[in-house]
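Below is input09.txt, which holds compact mmCIF, C-alpha atoms.
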```txt
# COMPACT_ATOMS: atom_id res chain seq x y z
CA MET X 1 23.16 10.40 -10.37
CA LEU X 2 19.78 11.02 -8.77
CA LYS X 3 19.29 14.03 -10.98
CA SER X 4 19.68 11.98 -14.15
CA MET X 5 17.04 9.55 -12.90
CA ARG X 6 14.40 12.19 -12.49
CA SER X 7 11.98 13.85 -14.82
CA SER X 8 8.92 15.95 -14.15
CA ASP X 9 5.27 15.08 -13.84
CA ALA X 10 2.41 17.18 -15.21
CA ASN X 11 2.80 19.68 -12.37
CA GLY X 12 6.51 20.07 -12.94
CA ASN X 13 7.35 18.07 -9.83
CA ALA X 14 10.36 15.80 -9.94
CA LEU X 15 9.34 12.18 -10.44
CA PRO X 16 11.86 9.37 -10.04
CA ALA X 17 12.41 7.39 -13.24
CA TYR X 18 11.08 4.18 -11.72
CA ARG X 19 7.80 5.97 -10.92
CA ARG X 20 7.56 7.15 -14.53
CA ILE X 21 7.97 3.58 -15.73
CA GLN X 22 5.39 2.36 -13.23
CA ASN X 23 2.93 5.04 -14.27
CA ALA X 24 3.36 4.06 -17.91
CA ILE X 25 2.66 0.40 -17.11
CA ARG X 26 -0.27 1.28 -14.84
CA LYS X 27 -1.81 3.41 -17.57
CA LYS X 28 -1.55 0.60 -20.10
CA ILE X 29 -3.32 -1.71 -17.66
CA GLU X 30 -6.01 0.85 -16.83
CA ASP X 31 -6.59 1.58 -20.51
CA GLY X 32 -6.96 -2.11 -21.22
CA LYS X 33 -3.93 -2.15 -23.56
CA LEU X 34 -2.40 -4.72 -21.24
CA LYS X 35 -4.74 -7.37 -19.90
CA PRO X 36 -4.35 -9.86 -17.04
CA GLY X 37 -2.02 -12.65 -18.14
CA GLU X 38 -0.30 -10.60 -20.84
CA LEU X 39 3.46 -10.09 -20.92
CA VAL X 40 4.86 -6.76 -19.67
CA ASP X 41 7.99 -5.31 -21.35
CA SER X 42 11.18 -6.89 -20.04
CA GLU X 43 13.61 -5.00 -17.80
CA ARG X 44 15.93 -4.64 -20.76
CA GLU X 45 13.16 -3.27 -22.98
CA LEU X 46 11.94 -0.86 -20.27
CA ALA X 47 15.50 0.36 -19.67
CA ARG X 48 15.96 1.01 -23.40
CA VAL X 49 12.59 2.71 -23.99
CA HIS X 50 12.83 4.95 -20.91
CA GLY X 51 16.58 5.55 -21.18
CA VAL X 52 17.35 4.28 -17.67
CA SER X 53 19.63 1.67 -16.14
CA LEU X 54 18.63 -1.97 -15.90
CA MET X 55 18.66 -1.52 -12.12
CA THR X 56 16.04 1.23 -12.28
CA ALA X 57 13.81 -0.83 -14.59
CA ARG X 58 14.13 -3.77 -12.19
CA HIS X 59 13.21 -1.52 -9.27
CA ALA X 60 10.08 -0.36 -11.09
CA LEU X 61 8.92 -3.93 -11.77
CA ALA X 62 9.84 -5.20 -8.31
CA GLU X 63 7.59 -2.65 -6.70
CA LEU X 64 4.71 -3.35 -9.05
CA GLN X 65 5.10 -6.99 -8.13
CA ARG X 66 4.93 -6.16 -4.41
CA GLU X 67 1.75 -4.27 -5.09
CA GLY X 68 0.41 -7.35 -6.79
CA LEU X 69 -0.10 -5.62 -10.14
CA VAL X 70 2.33 -7.88 -11.99
CA GLU X 71 3.67 -11.38 -11.42
CA ARG X 72 7.17 -12.45 -12.37
CA HIS X 73 7.74 -16.00 -13.55
CA ARG X 74 11.35 -17.08 -13.40
CA GLY X 75 12.78 -17.53 -16.87
CA SER X 76 9.70 -16.41 -18.76
CA GLY X 77 9.11 -12.78 -17.82
CA THR X 78 6.69 -10.47 -16.09
CA TYR X 79 2.94 -10.69 -16.59
CA VAL X 80 -0.04 -8.56 -15.66
CA ALA X 81 -1.45 -10.22 -12.52
CA PRO X 82 -5.07 -11.29 -12.28
CA PRO X 83 -6.84 -8.62 -10.24
CA LYS X 84 -6.83 -8.98 -6.47
CA ILE X 85 -9.72 -7.73 -4.46
CA GLU X 86 -8.81 -5.02 -2.02
CA PHE X 87 -11.04 -4.17 0.89
CA ASN X 88 -10.97 -1.01 2.86
CA LYS X 89 -14.61 -0.22 3.15
CA LEU X 90 -17.47 -2.48 3.97
CA THR X 91 -18.63 -3.22 0.45
CA SER X 92 -20.38 -6.29 -0.77
CA PHE X 93 -18.60 -8.66 -3.10
CA THR X 94 -20.96 -7.67 -5.90
CA GLU X 95 -20.15 -3.99 -5.36
CA GLN X 96 -16.40 -4.69 -5.29
CA MET X 97 -16.61 -6.59 -8.52
CA ALA X 98 -18.65 -3.87 -10.19
CA GLY X 99 -15.95 -1.37 -9.19
CA ARG X 100 -13.51 -3.47 -11.16
CA SER X 101 -15.90 -4.02 -14.06
CA MET X 102 -15.99 -7.75 -13.38
CA MET X 103 -19.14 -9.81 -13.39
CA ALA X 104 -19.83 -11.13 -9.94
CA GLN X 105 -21.76 -14.34 -9.63
CA ALA X 106 -23.04 -16.27 -6.70
CA ARG X 107 -23.80 -19.96 -6.80
CA VAL X 108 -26.16 -20.81 -3.97
CA LEU X 109 -24.99 -24.15 -2.57
CA HIS X 110 -27.38 -24.20 0.37
CA LEU X 111 -30.42 -22.26 1.45
CA SER X 112 -32.26 -23.60 4.46
CA THR X 113 -33.29 -22.82 8.00
CA LEU X 114 -31.74 -24.41 11.04
CA HIS X 115 -31.78 -24.03 14.77
CA GLY X 116 -29.52 -24.88 17.66
CA GLU X 117 -26.59 -22.84 16.32
CA GLN X 118 -25.99 -21.32 19.73
CA ASP X 119 -22.68 -19.72 18.90
CA VAL X 120 -24.04 -17.94 15.85
CA CYS X 121 -27.17 -16.90 17.77
CA ALA X 122 -24.93 -15.39 20.44
CA ARG X 123 -23.04 -13.39 17.83
CA LEU X 124 -26.34 -12.10 16.51
CA ALA X 125 -27.58 -11.37 20.06
CA LEU X 126 -30.52 -13.76 19.58
CA PRO X 127 -31.85 -16.39 22.01
CA ALA X 128 -29.91 -19.64 21.67
CA MET X 129 -32.64 -21.62 19.93
CA THR X 130 -33.67 -18.98 17.38
CA ARG X 131 -34.30 -20.34 13.89
CA LEU X 132 -31.71 -19.06 11.45
CA LEU X 133 -31.64 -18.71 7.73
CA TYR X 134 -28.51 -20.45 6.51
CA ILE X 135 -27.02 -19.47 3.16
CA GLU X 136 -23.92 -20.96 1.63
CA ARG X 137 -22.71 -19.25 -1.52
CA LEU X 138 -19.76 -19.76 -3.81
CA ARG X 139 -18.67 -16.37 -5.08
CA GLU X 140 -17.25 -16.23 -8.57
CA ALA X 141 -15.81 -13.58 -10.82
CA GLY X 142 -14.85 -14.05 -14.42
CA GLY X 143 -15.97 -17.67 -14.12
CA GLU X 144 -13.44 -18.34 -11.37
CA PRO X 145 -14.39 -19.13 -7.77
CA PHE X 146 -12.96 -16.65 -5.26
CA ALA X 147 -14.67 -17.23 -1.99
CA LEU X 148 -17.01 -19.46 -0.03
CA GLU X 149 -19.35 -17.45 2.16
CA THR X 150 -21.71 -18.85 4.76
CA SER X 151 -24.24 -16.33 6.04
CA TYR X 152 -26.66 -16.57 8.95
CA LEU X 153 -29.68 -14.33 9.54
CA SER X 154 -32.73 -14.46 11.77
CA ALA X 155 -35.23 -16.68 9.92
CA GLU X 156 -38.13 -14.84 11.47
CA THR X 157 -37.07 -11.53 9.95
CA TYR X 158 -35.39 -12.66 6.73
CA GLY X 159 -36.96 -16.07 6.06
CA ARG X 160 -38.59 -14.90 2.84
CA ILE X 161 -35.28 -14.50 0.98
CA THR X 162 -35.28 -16.78 -2.06
CA ARG X 163 -32.60 -18.56 -4.03
CA THR X 164 -33.44 -16.52 -7.13
CA GLN X 165 -32.96 -13.26 -5.25
CA LEU X 166 -29.61 -14.44 -3.97
CA GLU X 167 -28.42 -15.56 -7.37
CA ARG X 168 -29.46 -12.34 -8.98
CA GLY X 169 -27.57 -9.85 -6.88
CA SER X 170 -25.99 -8.56 -3.76
CA LEU X 171 -27.25 -9.65 -0.34
CA PHE X 172 -26.40 -6.19 1.02
CA ILE X 173 -28.53 -4.46 -1.57
CA LEU X 174 -31.32 -6.98 -1.06
CA LEU X 175 -31.31 -6.29 2.69
CA GLU X 176 -31.18 -2.55 2.24
CA LYS X 177 -33.83 -2.41 -0.47
CA ASP X 178 -36.35 -5.08 0.47
CA TYR X 179 -36.00 -4.92 4.25
CA GLN X 180 -35.47 -1.20 4.80
CA THR X 181 -32.39 -1.84 6.89
CA LYS X 182 -29.33 0.30 6.60
CA ILE X 183 -25.99 -1.45 6.99
CA ALA X 184 -23.59 0.56 9.16
CA TYR X 185 -20.47 -1.42 10.02
CA ALA X 186 -18.97 -4.86 10.51
CA ASP X 187 -16.82 -6.23 13.31
CA GLU X 188 -14.43 -8.75 11.85
CA ASP X 189 -12.03 -11.41 13.00
CA VAL X 190 -9.40 -12.14 10.39
CA ASP X 191 -7.03 -15.07 10.40
CA ALA X 192 -5.54 -17.67 8.08
CA THR X 193 -6.51 -21.25 7.45
CA VAL X 194 -5.89 -23.91 4.81
CA ALA X 195 -8.31 -25.50 2.37
CA ASP X 196 -9.81 -28.80 3.49
CA PRO X 197 -10.71 -31.28 0.71
CA LYS X 198 -14.27 -30.00 0.29
CA THR X 199 -13.32 -26.31 0.28
CA ALA X 200 -10.37 -27.00 -2.05
CA ALA X 201 -12.66 -28.66 -4.58
CA LEU X 202 -15.18 -25.80 -4.43
CA LEU X 203 -12.57 -23.04 -4.72
CA ARG X 204 -10.48 -25.00 -7.24
CA VAL X 205 -7.27 -24.75 -5.25
CA PRO X 206 -5.02 -27.57 -4.01
CA GLN X 207 -5.78 -29.08 -0.59
CA GLY X 208 -3.80 -27.18 2.02
CA ALA X 209 -3.77 -23.93 0.00
CA PRO X 210 -3.79 -20.82 2.21
CA LEU X 211 -7.14 -19.11 2.71
CA LEU X 212 -7.95 -15.84 4.40
CA ARG X 213 -10.77 -16.46 6.90
CA ILE X 214 -12.99 -13.52 7.83
CA ARG X 215 -15.74 -13.88 10.39
CA GLN X 216 -17.89 -10.81 10.37
CA THR X 217 -20.90 -9.61 12.27
CA ILE X 218 -22.69 -6.92 10.32
CA PHE X 219 -24.62 -4.25 12.18
CA SER X 220 -27.38 -1.93 11.06
CA THR X 221 -27.42 1.81 11.74
CA ASP X 222 -29.59 1.20 14.82
CA GLY X 223 -26.79 -0.97 16.25
CA LYS X 224 -28.50 -4.34 15.78
CA ALA X 225 -26.53 -7.37 14.60
CA MET X 226 -28.31 -8.46 11.44
CA LEU X 227 -25.98 -10.88 9.74
CA TYR X 228 -23.07 -13.18 10.60
CA VAL X 229 -20.82 -14.27 7.74
CA LEU X 230 -18.02 -16.81 7.72
CA GLY X 231 -15.98 -16.16 4.58
CA LEU X 232 -13.12 -18.21 3.21
CA TYR X 233 -11.17 -16.31 0.57
CA ARG X 234 -8.52 -17.63 -1.81
CA SER X 235 -5.35 -15.93 -0.68
CA ASP X 236 -3.95 -15.91 -4.22
CA ARG X 237 -6.79 -13.59 -5.21
CA HIS X 238 -7.47 -11.57 -2.06
CA VAL X 239 -5.64 -9.00 -0.01
CA LEU X 240 -7.32 -7.18 2.82
CA HIS X 241 -6.16 -3.60 2.74
CA ILE X 242 -6.60 -1.53 5.87
CA ARG X 243 -5.25 1.48 7.71
CA ARG X 244 -4.85 1.44 11.50
CA PHE X 245 -4.28 4.44 13.71
CA ARG X 246 -2.21 4.62 16.85
CA MET E 1 -19.91 -39.19 9.17
CA THR E 2 -22.21 -36.74 10.96
CA ALA E 3 -19.83 -36.53 13.93
CA ARG E 4 -16.90 -35.87 11.60
CA HIS E 5 -18.92 -33.19 9.86
CA ALA E 6 -19.69 -31.56 13.21
CA LEU E 7 -16.01 -31.42 14.18
CA ALA E 8 -14.89 -30.31 10.72
CA GLU E 9 -17.23 -27.35 10.94
CA LEU E 10 -16.11 -26.38 14.45
CA GLU E 11 -12.56 -26.48 13.14
CA ARG E 12 -13.48 -24.25 10.24
CA ASP E 13 -14.91 -21.82 12.79
CA GLY E 14 -11.59 -21.89 14.65
CA LEU E 15 -13.19 -23.18 17.87
CA VAL E 16 -11.36 -26.50 18.00
CA GLU E 17 -8.06 -27.79 16.68
CA ARG E 18 -7.59 -31.31 15.34
CA ARG E 19 -4.21 -32.94 15.69
CA ARG E 20 -3.64 -35.98 13.55
CA GLY E 21 -3.40 -39.10 15.66
CA SER E 22 -4.11 -37.40 18.95
CA GLY E 23 -7.63 -35.99 18.80
CA THR E 24 -9.57 -32.75 18.82
CA PHE E 25 -8.79 -29.99 21.32
CA VAL E 26 -10.48 -26.79 22.35
CA ALA E 27 -8.50 -24.03 20.60
CA PRO E 28 -6.61 -21.66 22.92
CA PRO E 29 -7.80 -18.06 22.98
CA LYS E 30 -6.28 -15.92 20.29
CA VAL E 31 -4.44 -12.65 20.52
CA GLN E 32 -6.60 -9.87 19.18
CA PHE E 33 -5.46 -6.72 17.44
CA ASN E 34 -7.54 -3.71 16.66
CA ARG E 35 -5.38 -0.63 16.97
CA LEU E 36 -1.82 0.04 15.93
CA THR E 37 -0.28 -1.33 19.11
CA SER E 38 3.07 -2.99 19.51
CA PHE E 39 3.40 -6.65 20.33
CA THR E 40 4.80 -5.72 23.75
CA GLU E 41 1.77 -3.52 24.48
CA GLN E 42 -0.63 -6.26 23.38
CA MET E 43 1.05 -8.84 25.54
CA ALA E 44 1.02 -6.53 28.55
CA THR E 45 -2.77 -6.24 28.36
CA ARG E 46 -2.99 -10.03 28.51
CA SER E 47 -0.45 -10.26 31.32
CA LEU E 48 1.84 -12.35 29.17
CA ALA E 49 5.56 -11.65 29.38
CA PRO E 50 6.79 -10.95 25.87
CA HIS E 51 10.22 -11.85 24.68
CA SER E 52 11.96 -11.64 21.34
CA LYS E 53 14.89 -13.45 19.85
CA VAL E 54 16.82 -11.23 17.47
CA LEU E 55 17.70 -13.59 14.62
CA CYS E 56 19.50 -11.05 12.52
CA SER E 57 20.39 -7.37 12.54
CA ARG E 58 22.41 -6.12 9.60
CA ILE E 59 22.73 -3.52 6.88
CA ILE E 60 21.72 -4.43 3.35
CA GLN E 61 22.22 -2.58 0.08
CA SER E 62 19.87 -2.32 -2.87
CA GLU E 63 16.53 -3.73 -1.83
CA PRO E 64 14.85 -1.42 -4.31
CA ASP E 65 11.29 -2.55 -3.68
CA ILE E 66 11.54 -2.11 0.08
CA ALA E 67 13.36 1.21 -0.31
CA ALA E 68 10.46 2.33 -2.51
CA ARG E 69 7.91 1.41 0.16
CA LEU E 70 9.84 3.61 2.57
CA GLY E 71 9.97 6.42 0.03
CA LEU E 72 13.76 6.11 -0.24
CA SER E 73 15.96 5.97 -3.32
CA PRO E 74 16.56 2.42 -4.60
CA VAL E 75 20.16 2.14 -3.37
CA THR E 76 19.66 3.48 0.17
CA PRO E 77 21.32 1.17 2.73
CA LEU E 78 18.69 -0.42 4.95
CA LEU E 79 18.88 -1.81 8.45
CA VAL E 80 17.11 -5.17 8.64
CA ILE E 81 16.08 -6.60 11.98
CA GLU E 82 14.52 -10.01 12.11
CA ARG E 83 12.87 -11.01 15.36
CA LEU E 84 11.15 -14.13 16.54
CA ARG E 85 8.38 -13.00 18.89
CA GLN E 86 7.56 -15.23 21.82
CA ALA E 87 5.04 -15.30 24.62
CA ALA E 88 5.08 -17.71 27.54
CA GLY E 89 8.11 -19.36 25.94
CA GLU E 90 6.24 -20.12 22.73
CA PRO E 91 7.17 -18.55 19.38
CA PHE E 92 4.27 -17.02 17.60
CA ALA E 93 5.44 -14.56 15.04
CA LEU E 94 8.39 -13.76 12.83
CA GLU E 95 8.74 -10.07 12.13
CA THR E 96 11.25 -8.52 9.75
CA CYS E 97 11.60 -4.73 10.02
CA TYR E 98 13.37 -2.49 7.53
CA PHE E 99 14.62 1.02 8.32
CA SER E 100 16.76 3.64 6.67
CA ALA E 101 20.21 2.71 8.03
CA ARG E 102 21.31 6.33 8.05
CA GLN E 103 18.43 7.41 10.25
CA TYR E 104 17.91 4.39 12.46
CA GLY E 105 21.32 2.63 12.37
CA PRO E 106 21.85 2.76 16.17
CA LEU E 107 18.79 0.49 16.58
CA SER E 108 21.09 -2.41 15.68
CA ARG E 109 22.70 -2.03 19.11
CA ALA E 110 19.45 -1.59 21.04
CA PRO E 111 18.22 -4.31 23.42
CA LEU E 112 15.42 -5.38 21.09
CA ASP E 113 15.17 -8.80 22.70
CA ARG E 114 13.38 -7.32 25.70
CA GLN E 115 12.39 -3.78 24.76
CA SER E 116 9.50 -2.62 22.64
CA LEU E 117 10.58 -1.32 19.25
CA PHE E 118 7.75 1.22 19.30
CA LEU E 119 8.95 2.52 22.65
CA LEU E 120 12.57 2.77 21.49
CA LEU E 121 11.55 4.59 18.34
CA GLN E 122 9.56 7.09 20.38
CA LYS E 123 12.06 7.51 23.20
CA ASP E 124 15.44 7.35 21.47
CA PHE E 125 14.58 8.61 18.00
CA GLY E 126 11.76 11.02 18.76
CA ALA E 127 9.59 9.20 16.22
CA LYS E 128 5.88 9.91 16.55
CA LEU E 129 4.01 6.91 15.21
CA ALA E 130 0.68 7.83 13.68
CA TYR E 131 -0.76 5.09 11.49
CA SER E 132 0.05 2.08 9.36
CA ASP E 133 -1.10 0.93 5.97
CA GLU E 134 -1.42 -2.82 5.89
CA ASN E 135 -1.92 -5.62 3.45
CA ILE E 136 -3.22 -8.78 5.00
CA ASP E 137 -3.37 -12.18 3.42
CA ALA E 138 -2.76 -15.83 4.20
CA THR E 139 0.18 -18.05 3.46
CA VAL E 140 1.55 -21.40 4.67
CA ALA E 141 4.73 -22.22 6.61
CA ASP E 142 7.67 -23.35 4.50
CA PRO E 143 10.15 -25.74 6.16
CA GLN E 144 12.29 -22.94 7.62
CA LEU E 145 9.33 -20.96 8.98
CA ALA E 146 7.75 -24.11 10.35
CA LYS E 147 10.86 -24.83 12.36
CA LEU E 148 11.20 -21.28 13.69
CA LEU E 149 7.54 -21.00 14.68
CA SER E 150 7.21 -24.60 15.95
CA VAL E 151 4.33 -25.44 13.63
CA PRO E 152 3.97 -28.22 11.06
CA ARG E 153 5.01 -27.47 7.50
CA GLY E 154 2.07 -26.13 5.55
CA ALA E 155 0.44 -24.64 8.67
CA PRO E 156 -1.58 -21.50 7.91
CA LEU E 157 0.07 -18.16 8.69
CA LEU E 158 -1.43 -14.70 8.64
CA ARG E 159 0.85 -12.42 6.62
CA ILE E 160 0.75 -8.71 7.37
CA ARG E 161 2.83 -6.27 5.36
CA GLN E 162 2.74 -2.88 6.97
CA VAL E 163 4.32 0.50 6.43
CA ILE E 164 4.26 2.56 9.62
CA PHE E 165 4.05 6.31 9.16
CA SER E 166 4.94 9.23 11.42
CA GLU E 167 2.65 12.14 12.22
CA MET E 168 4.47 14.02 9.46
CA GLY E 169 3.48 11.29 7.00
CA ASN E 170 7.00 9.90 6.59
CA ALA E 171 7.43 6.13 6.37
CA ILE E 172 9.41 5.01 9.42
CA THR E 173 9.55 1.28 8.91
CA TYR E 174 8.32 -1.50 6.70
CA VAL E 175 7.42 -4.67 8.56
CA LEU E 176 6.76 -8.08 7.09
CA GLY E 177 5.07 -10.14 9.79
CA LEU E 178 4.17 -13.81 9.68
CA TYR E 179 1.82 -14.81 12.49
CA ARG E 180 0.81 -18.28 13.58
CA SER E 181 -2.85 -18.41 12.76
CA ASP E 182 -3.56 -20.76 15.66
CA ARG E 183 -2.50 -17.96 18.01
CA HIS E 184 -3.55 -14.77 16.21
CA THR E 185 -6.77 -13.20 15.13
CA PHE E 186 -6.75 -9.77 13.70
CA THR E 187 -9.80 -7.80 14.80
CA ILE E 188 -11.02 -4.85 12.79
CA ARG E 189 -14.10 -2.76 12.26
CA ARG E 190 -15.05 -1.63 8.81
CA THR E 191 -17.76 0.90 8.11
CA ARG E 192 -20.07 1.12 5.16
```
What's the structure tokens form of this structure?
Amino acid sequence: MLKSMRSSDANGNALPAYRRIQNAIRKKIEDGKLKPGELVDSERELARVHGVSLMTARHALAELQREGLVERHRGSGTYVAPPKIEFNKLTSFTEQMAGRSMMAQARVLHLSTLHGEQDVCARLALPAMTRLLYIERLREAGGEPFALETSYLSAETYGRITRTQLERGSLFILLEKDYQTKIAYADEDVDATVADPKTAALLRVPQGAPLLRIRQTIFSTDGKAMLYVLGLYRSDRHVLHIRRFR
Amino acid sequence: MTARHALAELERDGLVERRRGSGTFVAPPKVQFNRLTSFTEQMATRSLAPHSKVLCSRIIQSEPDIAARLGLSPVTPLLVIERLRQAAGEPFALETCYFSARQYGPLSRAPLDRQSLFLLLQKDFGAKLAYSDENIDATVADPQLAKLLSVPRGAPLLRIRQVIFSEMGNAITYVLGLYRSDRHTFTIRRTR
């Protein structure tokens, strides 16, 4: 039975039938022949076209769904899922979006300086009363809000950052280009929270919708904390993808 | 208004917890992860006595998507073990593990309520755990989960889906974990 389910890939290696089906669907999505929101062939259709059992076709779709590539809606079929952002490297939102050929936009909700944020100062290894530049941005892609990011930097060092600069592009690139800093790594605390009324309205999700919360301190290559970011990410559009070693 | 704003922001930062009708409390310290360590190992470093309640341990047929994650054929029988993880008498995670039943069947008789699964895998099955690939997102507690984890319905949960691999690169287990977000923070370092 297994034998009948297999064919060969380009290198002549045996490839299970469900993988073949998945590859065919993946290719259509990558080539833009299937776009987010469009209907994928039904199990029945896939089984007929690929000459496999209904069970195998179902297996292929179930796994694509787990991966988040397609979404199944009971009674109406399987659709190409809107893209989810996957992290594994420290990339800026703008860079991630560019990698997926999506237009990233930032709406600057707040840009000001404040002081007395002792907790944030401590995370940035600054004296408790240091003036901080406070930036609140709504991150959007394809016209849809994805994330609310609040960033804190030393006002003394970075106080000249303007709203226009922030709206135009990536904060990472701005820091690296205009301030000759090199970003090295981020230490992050990840947990879950739910959208309060204000956040729900900004992110266009219902109140109480699950959000991934990432608090990150970003360090430069000389080991200095340069930026603290509190990010709230819509969980229906974000998965954090990591590998951990024993 | 200003006072409410102050508390709302501290809550967003995870520093305080607000309970309707009873006030605002300093949030308890959270469990931190950073390496692929077992729950039992993590708890030991915090001198908390871990305990698990095995809710279910059975063989299932045809979970094709999970079989695929484990690199098994779609109809492979799988051993499913569902455990409620507790520390200091308080539930804080629900973990469902899937294994090839042929390879790891005897685990169903192992004392998983008090022994570390990682340790059993290493000791009794000679498994050498090397790394895990994980997808992390957020979800909320449905009525059943809320009851099991002693949280209100709709409470935020961290959802971690991980495939744990051996040194040989074989998938050993797939784990779907739901963690109370008021008790867990996942700590990682990412490099540029």
Using only C-alpha atoms for the distances, tell me which of E:Ala93, E:Ile66, E:Leu158, E:Ile81 is nearest to Leu117 in chain E. E:Ile81
So, counting all atoms listed in the file, which residue among X:Ile183, X:Ala17, X:Ile242, X:Leu148 is closest to Ile214 in chain X?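 Among the listed residues, X:Leu148 lies closest to Ile214 in chain X.
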Against chain X, which residues of chain E fall within 9 Å? For each one I want the closest pair of atoms and the distance in Å (one decimal), counting only C-alpha atoms, rows by chain and increasing residue number, as CSV.
```
residue,atom,partner,partner_atom,distance
E:Ala8,CA,X:Asp196,CA,9.0
E:Arg12,CA,X:Thr193,CA,8.1
E:Asp13,CA,X:Leu230,CA,7.8
E:Gly14,CA,X:Thr193,CA,8.8
E:Gln32,CA,X:Asp189,CA,8.4
E:Asn34,CA,X:Arg244,CA,7.8
E:Arg35,CA,X:Arg244,CA,5.9
E:Leu36,CA,X:Arg246,CA,4.7
E:Thr37,CA,X:Arg246,CA,6.7
E:Glu63,CA,X:His59,CA,8.4
E:Pro64,CA,X:His59,CA,5.2
E:Asp65,CA,X:Glu63,CA,4.8
E:Ile66,CA,X:Glu63,CA,7.9
E:Ala68,CA,X:Glu63,CA,7.1
E:Arg69,CA,X:Glu63,CA,8.0
E:Ser73,CA,X:Leu2,CA,8.4
E:Pro74,CA,X:His59,CA,7.0
E:Leu129,CA,X:Arg246,CA,6.8
E:Ala130,CA,X:Arg246,CA,5.4
E:Tyr131,CA,X:Phe245,CA,4.2
E:Ser132,CA,X:Arg244,CA,5.4
E:Asp133,CA,X:Arg243,CA,4.5
E:Glu134,CA,X:Ile242,CA,5.3
E:Asn135,CA,X:His241,CA,4.7
E:Ile136,CA,X:Leu240,CA,4.9
E:Asp137,CA,X:Val239,CA,5.2
E:Ala138,CA,X:Ala192,CA,5.1
E:Thr139,CA,X:Pro210,CA,5.0
E:Val140,CA,X:Pro210,CA,5.9
E:Gly154,CA,X:Gly208,CA,6.9
E:Ala155,CA,X:Val194,CA,7.4
E:Pro156,CA,X:Thr193,CA,5.0
E:Leu157,CA,X:Ala192,CA,5.7
E:Leu158,CA,X:Ala192,CA,5.1
E:Arg159,CA,X:Ala192,CA,8.4
E:Arg180,CA,X:Ala192,CA,8.4
E:Ser181,CA,X:Ala192,CA,5.4
E:Asp182,CA,X:Ala192,CA,8.4
E:His184,CA,X:Asp191,CA,6.8
E:Thr185,CA,X:Asp191,CA,5.1
E:Phe186,CA,X:Val190,CA,4.9
E:Thr187,CA,X:Asp189,CA,4.6
E:Ile188,CA,X:Glu188,CA,5.3
E:Arg189,CA,X:Asp187,CA,4.5
E:Arg190,CA,X:Ala186,CA,5.4
E:Thr191,CA,X:Tyr185,CA,4.0
E:Arg192,CA,X:Leu90,CA,4.6
```
Mind pulling up the distance from CA of Arg163 in chain X to CA of Glu136 in chain X?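 Between CA of Glu136 in chain X and CA of Arg163 in chain X the gap works out to 10.6 Å.
Among E:Leu112, E:Leu121, E:Val175, E:Ala101, the residue with the shortest atom-to-atom distance to Cys56 in chain E, counting all atoms listed in the file, is E:Leu112.
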To one decimal in Å, tell me the separation between CA of His51 in chain E and CA of Gln86 in chain E. 5.2 Å
Residue contacts of range 116-127 of chain X (10 Å, all atoms listed in the file) excluding same-chain residues fewer than 5 positions away, as a PDB file with C-alpha atoms, in the coordinates of the input:
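Output below, filename selection.pdb:
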```pdb
ATOM      1  CA  LEU X 132     -31.710 -19.060  11.450  1.00  0.00           C
ATOM      2  CA  SER X 151     -24.240 -16.330   6.040  1.00  0.00           C
ATOM      3  CA  TYR X 152     -26.660 -16.570   8.950  1.00  0.00           C
ATOM      4  CA  LEU X 153     -29.680 -14.330   9.540  1.00  0.00           C
ATOM      5  CA  SER X 154     -32.730 -14.460  11.770  1.00  0.00           C
ATOM      6  CA  GLN X 216     -17.890 -10.810  10.370  1.00  0.00           C
ATOM      7  CA  THR X 217     -20.900  -9.610  12.270  1.00  0.00           C
ATOM      8  CA  ILE X 218     -22.690  -6.920  10.320  1.00  0.00           C
ATOM      9  CA  PHE X 219     -24.620  -4.250  12.180  1.00  0.00           C
ATOM     10  CA  LYS X 224     -28.500  -4.340  15.780  1.00  0.00           C
ATOM     11  CA  ALA X 225     -26.530  -7.370  14.600  1.00  0.00           C
ATOM     12  CA  MET X 226     -28.310  -8.460  11.440  1.00  0.00           C
ATOM     13  CA  LEU X 227     -25.980 -10.880   9.740  1.00  0.00           C
ATOM     14  CA  TYR X 228     -23.070 -13.180  10.600  1.00  0.00           C
ATOM     15  CA  VAL X 229     -20.820 -14.270   7.740  1.00  0.00           C
TER      16      VAL X 229
END
```
Straight-line distance linking CA of Leu133 in chain X with CA of Gly159 in chain X, stated in Å to one decimal: 6.2 Å
Which residues are close to Thr24 in chain E, i.e. within 12 Å by only C-alpha atoms, leaving aside same-chain residues fewer than 5 positions away? Reply as a ChimeraX atom specification. /E:3-4,6-8,10-11,14-19
Which residues come within 12 Å of Gln165 in chain X, counting all atoms listed in the file, excluding same-chain residues fewer than 5 positions away, as JSON, numbers by chain? {"X": [106, 107, 108, 111, 160, 170, 171, 172, 173, 174, 175, 177, 178]}
Any chance you could export the current selection's C-alpha atoms as a short mmCIF file (atom, residue, chain, number, x, y, z; two decimals), keeping the file's coordinate frame?
```
data_model
loop_
_atom_site.label_atom_id
_atom_site.label_comp_id
_atom_site.auth_asym_id
_atom_site.auth_seq_id
_atom_site.Cartn_x
_atom_site.Cartn_y
_atom_site.Cartn_z
CA ALA X 106 -23.04 -16.27 -6.70
CA ARG X 107 -23.80 -19.96 -6.80
CA VAL X 108 -26.16 -20.81 -3.97
CA LEU X 111 -30.42 -22.26 1.45
CA ARG X 160 -38.59 -14.90 2.84
CA SER X 170 -25.99 -8.56 -3.76
CA LEU X 171 -27.25 -9.65 -0.34
CA PHE X 172 -26.40 -6.19 1.02
CA ILE X 173 -28.53 -4.46 -1.57
CA LEU X 174 -31.32 -6.98 -1.06
CA LEU X 175 -31.31 -6.29 2.69
CA LYS X 177 -33.83 -2.41 -0.47
CA ASP X 178 -36.35 -5.08 0.47
#
```
